[in-house]
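Novice: Pasting a structure below so you can have a look.
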Amino acid sequence: MSIKFMKINKYEPAADEKRLEEMAAKGEFIKSHALGMAFFKKGEPKKVKYCIEAAMFRPSRKVRKAYAEDGWKMTARGEDFSVFMSEDENAVPLHTDRSEYAHIVKKYHRHILAMHIYLCLFALLYILMPIVFFPLTTFGECQVIFTLPLMYGLQKEFLKISIWLAVIMYPILLIYLRELIKAGQFVTGCIENKADAERASRRNNIMTAIFVFLLVINAAVILFYACSSLNNTSEKVPFSQLPDSIITIDEIYDENIEFLLTDEAAEKYIDPELWEHGIEAYLPYSFAITSVFTDCHYQYWQHAAYIPDGKEKGRKIAVRNTYTEFKNKWLAQMGAEEFMEYERFFFSDSPDRIQLDTEGTPFDKAEYLLTDYSLYMVLQADDTVHTINTTIPPESGFTPEMIFENITENCKE
C-alpha cells in the first residue's frame with residue numbers, strides 16, 4: 001500500500017485518468033481517495049483504462065451492473081467522485097464527449113444542491129434557535145423570545161452557538177457552494193439542452209444569494225447577542241430601592257398579614273401545625289436584571305403570615321413577583337403573553353387562562369392561572385408588566401378577583 005498526494009479534477013478528468021493508467025503500468029492501482037490523498041495497492045503491472053466520474057454518492061447497483069456489462073468495474077471512491085477501471089485497452093469510454101458527461105455532472109449538481117439546502121436549513125435553525133426552540137419542544141404551545149433572557153440569561157449561550165455556527169458551519173457551507181457553482185458552470189457550458197443549462201445557472205444564483213443572506217443574518221445575530229450579553233446583568237438590590245409601582249404582599253392581602261422577617265417572627269405568627277420547617281423566613285430581597293428588550297426588570301420575594309380575623313396565628317404565605325418595564329408597549333404585550341404561556345406550560349397545573357375585567361383599572365390586560373394552592377397573575381399596563389406568583393391561604397376566602405381588586409385599589413400610580 002502506498003499513499004500519494006493527488007488532486008483529482010472530476011470536471012476535466014482526462015489528465016488524471018492518464019496518470020492513473022501510467023501508475024497501473026508500474027503496478028500501482030488506486031483503491032481510494034480522501035482529502036487530496038490517493039491510496040494505491042501494489043500488484044502486477046498491466047495496461048488498463050480508467051474513467052473518473054463525478055458522483056456525490058456511491059453509484060447504485062443498477063449503474064455498476066450496466067457499466068460492468070461494458071467492461072468497466074468500480075475500483076475506488078473519492079469524496080465526490082468514482083473511479084472505474086477496464087482491463088480492455090480498447091474499451092469504449094463511458095463518456096465519449098463533454099456534452100454527454102455534462103448529464104452525469106447535472107445529476108451530481110442536483111445532489112450537491114440538495115445537500116446545500118439541507119445545510120442551509122440546519123444553519124437557519126441554529127440562527128433562529130431562541131425563536132424555534134420552545135415552539136418545537138412544546139409543540140408550538142409556548143414561545144419565549146423576549147422574556148427567556150430575563151428568566152435564565154441565555155444570551156451568552158446563544159452567542160456561543162452563533163459563533164460556533166460561523167466558525168464551523170459556514171466553511172462547510174462554503175465548500176459545498178463552491179462545488180455547486182463549479183458543477184453548475186460545467187453543466188451550463190457543456191450541456192446541449194438549453195433549459196437544463198438555464199436551470200443549473202439559476203440554482204447557482206439562488207443558492208449563492210441564500211448563502212450570502214445567511215452570512216448577513218448570522219453576523220447580525222452575533223452582534224445582537226454580543227450586545228445583549230454586554231447589556232444583561234443581574235445584581236441584588238435592597239428592597240427599599242425597588243420602584244414605588246411594584247406590587248407588594250400587603251397590597252395583595254390588605255392588612256391581615258404579619259411580615260416574617262426572622263424565624264422567631266415565623267414561630268410567633270404561624271400556626272405550628274402549618275409551619276414548614278424546610279423553608280426559613282427571610283428579609284424581603286430582590287434582583288435587578290437588565291436586557292436588550294427592557295429598561296428595567298426586577299424579581300423580588302416576600303414572606304408573611306396570613307392571620308384570619310379573631311386568630312392569633314395563621315398560615316405562611318409568600319409572593320415571588322416581577323416588575324418589568326419594556327422598551328415599548330408592543331414588547332410589553334408580547335412579554336405578558338410569554339410570561340403567561342411559559343408558566344402555564346411548564347409550572348401550572350391549570351391549563352386555563354382566565355381573563356379579568358380591567359375596565360376602570362390602570363391595567364390594559366389582566367389574566368391568571370389558578371391551582372389548588374397558588375395563583376399566577378399577569379398584569380400589563382402600557383409598557384409595564386407585573387407578574388404575581390403567590391399562595392392563597394384556603395381559610396382566607398380570597399379569590400383572584402378579590403386579589404385583583406385589592407391590587408387596583410392599592411395600586412401606586
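Here's how to read the names in the C-alpha cells: chain A, B, ... by the order shown, residue numbers from 1 in each chain, ligand numbers from 1 in the order shown.
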Mind listing the alpha helix (DSSP H) residues of region 196-297 of chain A, per DSSP on the backbone, as a PyMOL selection string?
Specialist: chain A and resi 196-231+249-253+263-269
Novice: May I have the residues from that selection written out with N, CA and C atoms, as a compact mmCIF listing (two decimals), in the first residue's frame?
Specialist:
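As written to disk, out-v3.txt reads:
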```txt
# COMPACT_ATOMS: atom_id res chain seq x y z
N ASP A 196 -31.88 22.88 -19.38
CA ASP A 196 -31.09 22.34 -18.28
C ASP A 196 -29.98 23.30 -17.89
N ALA A 197 -29.36 23.92 -18.89
CA ALA A 197 -28.28 24.88 -18.61
C ALA A 197 -28.80 26.08 -17.84
N GLU A 198 -29.97 26.58 -18.22
CA GLU A 198 -30.55 27.74 -17.54
C GLU A 198 -30.94 27.39 -16.11
N ARG A 199 -31.47 26.18 -15.92
CA ARG A 199 -31.85 25.75 -14.56
C ARG A 199 -30.62 25.66 -13.66
N ALA A 200 -29.54 25.10 -14.19
CA ALA A 200 -28.31 24.98 -13.41
C ALA A 200 -27.78 26.35 -13.01
N SER A 201 -27.81 27.28 -13.94
CA SER A 201 -27.34 28.64 -13.66
C SER A 201 -28.23 29.32 -12.62
N ARG A 202 -29.54 29.11 -12.74
CA ARG A 202 -30.49 29.72 -11.81
C ARG A 202 -30.30 29.16 -10.39
N ARG A 203 -30.07 27.85 -10.30
CA ARG A 203 -29.83 27.24 -8.98
C ARG A 203 -28.61 27.85 -8.32
N ASN A 204 -27.55 28.02 -9.11
CA ASN A 204 -26.32 28.61 -8.56
C ASN A 204 -26.58 30.01 -8.02
N ASN A 205 -27.29 30.81 -8.78
CA ASN A 205 -27.56 32.19 -8.35
C ASN A 205 -28.41 32.22 -7.09
N ILE A 206 -29.42 31.37 -7.03
CA ILE A 206 -30.31 31.34 -5.85
C ILE A 206 -29.55 30.90 -4.60
N MET A 207 -28.76 29.82 -4.73
CA MET A 207 -28.06 29.31 -3.55
C MET A 207 -26.94 30.25 -3.10
N THR A 208 -26.33 30.96 -4.06
CA THR A 208 -25.34 31.97 -3.67
C THR A 208 -26.00 33.10 -2.88
N ALA A 209 -27.18 33.52 -3.33
CA ALA A 209 -27.92 34.58 -2.63
C ALA A 209 -28.32 34.11 -1.23
N ILE A 210 -28.76 32.85 -1.12
CA ILE A 210 -29.15 32.32 0.19
C ILE A 210 -27.95 32.26 1.12
N PHE A 211 -26.81 31.83 0.60
CA PHE A 211 -25.60 31.75 1.43
C PHE A 211 -25.22 33.13 1.95
N VAL A 212 -25.23 34.13 1.07
CA VAL A 212 -24.90 35.50 1.49
C VAL A 212 -25.91 36.00 2.51
N PHE A 213 -27.18 35.68 2.29
CA PHE A 213 -28.23 36.09 3.23
C PHE A 213 -27.99 35.48 4.61
N LEU A 214 -27.65 34.18 4.65
CA LEU A 214 -27.37 33.52 5.93
C LEU A 214 -26.17 34.14 6.62
N LEU A 215 -25.14 34.47 5.84
CA LEU A 215 -23.95 35.11 6.43
C LEU A 215 -24.32 36.44 7.08
N VAL A 216 -25.11 37.23 6.37
CA VAL A 216 -25.51 38.54 6.90
C VAL A 216 -26.36 38.38 8.15
N ILE A 217 -27.32 37.45 8.09
CA ILE A 217 -28.20 37.22 9.25
C ILE A 217 -27.39 36.74 10.44
N ASN A 218 -26.48 35.79 10.22
CA ASN A 218 -25.70 35.26 11.34
C ASN A 218 -24.79 36.34 11.93
N ALA A 219 -24.22 37.19 11.07
CA ALA A 219 -23.40 38.29 11.58
C ALA A 219 -24.24 39.24 12.44
N ALA A 220 -25.46 39.52 11.97
CA ALA A 220 -26.36 40.39 12.75
C ALA A 220 -26.73 39.74 14.07
N VAL A 221 -26.98 38.43 14.05
CA VAL A 221 -27.35 37.71 15.27
C VAL A 221 -26.19 37.72 16.26
N ILE A 222 -24.97 37.51 15.77
CA ILE A 222 -23.79 37.54 16.65
C ILE A 222 -23.66 38.91 17.31
N LEU A 223 -23.81 39.97 16.52
CA LEU A 223 -23.73 41.32 17.07
C LEU A 223 -24.84 41.57 18.09
N PHE A 224 -26.05 41.06 17.77
CA PHE A 224 -27.19 41.25 18.68
C PHE A 224 -26.95 40.55 20.01
N TYR A 225 -26.52 39.28 19.95
CA TYR A 225 -26.28 38.54 21.19
C TYR A 225 -25.10 39.09 21.97
N ALA A 226 -24.09 39.57 21.24
CA ALA A 226 -22.96 40.19 21.93
C ALA A 226 -23.42 41.44 22.68
N CYS A 227 -24.24 42.24 22.00
CA CYS A 227 -24.80 43.44 22.64
C CYS A 227 -25.69 43.06 23.81
N SER A 228 -26.50 42.01 23.61
CA SER A 228 -27.40 41.56 24.68
C SER A 228 -26.61 41.07 25.88
N SER A 229 -25.53 40.33 25.63
CA SER A 229 -24.72 39.80 26.72
C SER A 229 -24.07 40.93 27.52
N LEU A 230 -23.60 41.95 26.80
CA LEU A 230 -22.98 43.07 27.50
C LEU A 230 -23.99 43.85 28.31
N ASN A 231 -25.24 43.88 27.80
CA ASN A 231 -26.28 44.65 28.48
C ASN A 231 -27.05 43.84 29.52
N ILE A 249 -46.74 42.46 48.90
CA ILE A 249 -47.60 41.45 49.51
C ILE A 249 -48.74 42.08 50.31
N ASP A 250 -48.48 43.25 50.93
CA ASP A 250 -49.55 43.89 51.70
C ASP A 250 -50.61 44.49 50.79
N GLU A 251 -50.25 44.84 49.54
CA GLU A 251 -51.25 45.32 48.59
C GLU A 251 -52.13 44.17 48.09
N ILE A 252 -51.60 42.96 48.14
CA ILE A 252 -52.36 41.79 47.69
C ILE A 252 -53.33 41.33 48.77
N TYR A 253 -52.86 41.30 50.03
CA TYR A 253 -53.66 40.70 51.11
C TYR A 253 -54.18 41.71 52.12
N ASP A 263 -36.92 33.90 61.87
CA ASP A 263 -37.55 32.64 62.26
C ASP A 263 -38.36 32.82 63.53
N GLU A 264 -37.91 33.72 64.41
CA GLU A 264 -38.66 33.98 65.65
C GLU A 264 -40.03 34.58 65.32
N ALA A 265 -40.05 35.45 64.32
CA ALA A 265 -41.32 36.03 63.90
C ALA A 265 -42.22 34.96 63.30
N ALA A 266 -41.62 34.04 62.56
CA ALA A 266 -42.41 32.96 61.97
C ALA A 266 -43.03 32.10 63.07
N GLU A 267 -42.26 31.78 64.09
CA GLU A 267 -42.78 30.98 65.20
C GLU A 267 -43.89 31.71 65.93
N LYS A 268 -43.79 33.03 65.95
CA LYS A 268 -44.78 33.83 66.67
C LYS A 268 -46.10 33.92 65.90
N TYR A 269 -46.02 34.04 64.58
CA TYR A 269 -47.22 34.35 63.80
C TYR A 269 -47.82 33.16 63.05
```
Novice: So that I can check the surroundings of Pro394 (chain A), please list as a list of chain:residue names every protein, DNA and RNA residue that reaches within 9 Å of it, counting only C-alpha atoms and ignoring chain neighbours fewer than 4 positions away.
Specialist: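 What passes the distance filter is A:Asp372, A:Tyr373, A:Phe398.
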Novice: Using the selection just defined, write its residues with N, CA and C atoms as a short mmCIF file (atom, residue, chain, number, x, y, z; two decimals), in the first residue's frame.
Specialist:
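Resulting contents of result.cif:
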```
data_model
loop_
_atom_site.label_atom_id
_atom_site.label_comp_id
_atom_site.auth_asym_id
_atom_site.auth_seq_id
_atom_site.Cartn_x
_atom_site.Cartn_y
_atom_site.Cartn_z
N ASP A 372 -54.82 24.64 43.17
CA ASP A 372 -55.42 24.45 44.50
C ASP A 372 -54.82 25.38 45.54
N TYR A 373 -53.50 25.67 45.42
CA TYR A 373 -52.85 26.44 46.48
C TYR A 373 -52.12 27.69 45.98
N PHE A 398 -60.04 34.28 49.91
CA PHE A 398 -59.64 35.13 48.79
C PHE A 398 -59.89 34.42 47.46
#
```
Novice: Given the choices A:Phe404, A:Tyr306, A:Phe345, A:Tyr101, which gets closest to Pro362 (chain A) if the distance is worked out from only C-alpha atoms?
Specialist: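 Once distances to Pro362 (chain A) are computed over only C-alpha atoms, the minimum belongs to A:Phe404.
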Novice: Record the distance separating CA of Phe293 (chain A) and CA of Val385 (chain A), expressed in Å with one decimal.
Specialist: 12.6 Å
Novice: Name the residues in contact with Ser99 (chain A) at a cut-off of 8 Å, using only C-alpha atoms, excluding same-chain residues fewer than 4 positions from it; report them as number ranges by chain.
Specialist: A: 103, 190-192
Novice: If you count only C-alpha atoms, which residues fall within 12 Å of Val63 (chain A), apart from same-chain ones fewer than 2 positions away, as an MDAnalysis selection string?
Specialist: chainID A and resid 55 58:61 65:70 72:74 82 84 94 104
Novice: Please run DSSP on the backbone and report, as a ChimeraX atom specification, all residues within region 65-211 of chain A that come out as strand (DSSP E or B).
Specialist: /A:73-77,81-86
Novice: Just to be explicit: take each residue in the selection above, keep N, CA and C atoms, and write the result as a PDB file, in the first residue's frame.
Specialist:
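selection11.pdb was written with the following content:
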```pdb
ATOM      1  N   LYS A  73     -15.354  -1.644 -14.204  1.00  0.00           N
ATOM      2  CA  LYS A  73     -15.580  -2.034 -12.811  1.00  0.00           C
ATOM      3  C   LYS A  73     -15.125  -0.894 -11.893  1.00  0.00           C
ATOM      4  N   MET A  74     -15.964  -0.567 -10.901  1.00  0.00           N
ATOM      5  CA  MET A  74     -15.600   0.496  -9.963  1.00  0.00           C
ATOM      6  C   MET A  74     -14.505  -0.007  -9.035  1.00  0.00           C
ATOM      7  N   THR A  75     -13.399   0.724  -8.975  1.00  0.00           N
ATOM      8  CA  THR A  75     -12.256   0.291  -8.162  1.00  0.00           C
ATOM      9  C   THR A  75     -11.940   1.251  -7.018  1.00  0.00           C
ATOM     10  N   ALA A  76     -12.494   2.462  -7.041  1.00  0.00           N
ATOM     11  CA  ALA A  76     -12.167   3.425  -5.978  1.00  0.00           C
ATOM     12  C   ALA A  76     -13.279   4.460  -5.847  1.00  0.00           C
ATOM     13  N   ARG A  77     -13.365   5.034  -4.626  1.00  0.00           N
ATOM     14  CA  ARG A  77     -14.310   6.116  -4.354  1.00  0.00           C
ATOM     15  C   ARG A  77     -13.562   7.273  -3.710  1.00  0.00           C
ATOM     16  N   PHE A  81     -16.445  11.642  -6.182  1.00  0.00           N
ATOM     17  CA  PHE A  81     -16.267  11.032  -7.500  1.00  0.00           C
ATOM     18  C   PHE A  81     -16.040   9.531  -7.345  1.00  0.00           C
ATOM     19  N   SER A  82     -16.247   8.824  -8.454  1.00  0.00           N
ATOM     20  CA  SER A  82     -15.990   7.386  -8.508  1.00  0.00           C
ATOM     21  C   SER A  82     -14.952   7.118  -9.598  1.00  0.00           C
ATOM     22  N   VAL A  83     -14.150   6.057  -9.407  1.00  0.00           N
ATOM     23  CA  VAL A  83     -13.132   5.683 -10.380  1.00  0.00           C
ATOM     24  C   VAL A  83     -13.460   4.291 -10.905  1.00  0.00           C
ATOM     25  N   PHE A  84     -13.593   4.191 -12.224  1.00  0.00           N
ATOM     26  CA  PHE A  84     -13.877   2.911 -12.876  1.00  0.00           C
ATOM     27  C   PHE A  84     -12.638   2.485 -13.688  1.00  0.00           C
ATOM     28  N   MET A  85     -12.448   1.175 -13.766  1.00  0.00           N
ATOM     29  CA  MET A  85     -11.297   0.634 -14.478  1.00  0.00           C
ATOM     30  C   MET A  85     -11.745  -0.483 -15.422  1.00  0.00           C
ATOM     31  N   SER A  86     -11.098  -0.532 -16.605  1.00  0.00           N
ATOM     32  CA  SER A  86     -11.340  -1.616 -17.552  1.00  0.00           C
ATOM     33  C   SER A  86      -9.993  -2.200 -17.966  1.00  0.00           C
TER      34      SER A  86
END
```
Novice: Tell me, as a PyMOL selection string, which residues lie within 10 Å of Pro284 (chain A), counting only C-alpha atoms; anything in the same chain fewer than 4 positions away does not count.
Specialist: chain A and resi 238-240+259-261+300-304+319
Novice: Since we have the selection now, will you write its residues out, keeping C-alpha atoms, as a tab-separated table (two decimals), in the first residue's frame?
Specialist:
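Below you can see result_12.tsv, which holds the result:
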```tsv
chain	number	residue	atom	x	y	z
A	238	PRO	CA	-32.14	46.43	48.54
A	239	PHE	CA	-35.88	46.01	48.61
A	240	SER	CA	-36.22	49.68	49.51
A	259	PHE	CA	-44.26	40.02	57.79
A	260	LEU	CA	-41.89	37.17	58.56
A	261	LEU	CA	-38.53	38.84	58.95
A	300	TYR	CA	-38.50	40.14	44.29
A	301	TRP	CA	-39.61	37.84	47.10
A	302	GLN	CA	-41.55	38.43	50.33
A	303	HIS	CA	-42.77	36.17	53.14
A	304	ALA	CA	-45.59	36.86	55.55
A	319	VAL	CA	-45.01	36.09	46.85
```
Novice: Just the residues within 10 Å of Pro351 (chain A), please, counting only C-alpha atoms, with nothing from its chain fewer than 3 positions along; format it as a PyMOL selection string.
Specialist: chain A and resi 341+343-345+348+354+369-371
Novice: Mind writing the picked residues with C-alpha atoms as a PDB file, in the first residue's frame?
Specialist:
```pdb
ATOM      1  CA  GLU A 341     -47.691  30.824  28.381  1.00  0.00           C
ATOM      2  CA  GLU A 343     -45.965  29.487  33.390  1.00  0.00           C
ATOM      3  CA  ARG A 344     -48.986  27.670  32.028  1.00  0.00           C
ATOM      4  CA  PHE A 345     -46.976  25.101  30.109  1.00  0.00           C
ATOM      5  CA  SER A 348     -49.012  25.427  36.401  1.00  0.00           C
ATOM      6  CA  ILE A 354     -58.741  33.320  32.787  1.00  0.00           C
ATOM      7  CA  LEU A 369     -53.851  30.794  36.351  1.00  0.00           C
ATOM      8  CA  LEU A 370     -55.281  29.182  39.477  1.00  0.00           C
ATOM      9  CA  THR A 371     -54.327  25.913  41.159  1.00  0.00           C
TER      10      THR A 371
END
```
Novice: Show which residues sit within 12 Å of Asp309 (chain A), as a list of chain:residue names. Count only C-alpha atoms, and ignore same-chain residues fewer than 2 positions away.
Specialist: A:Glu255, A:Asn256, A:Ile257, A:Tyr306, A:Ile307, A:Lys311, A:Glu312, A:Lys313, A:Gly314, A:Glu395, A:Ser396, A:Gly397
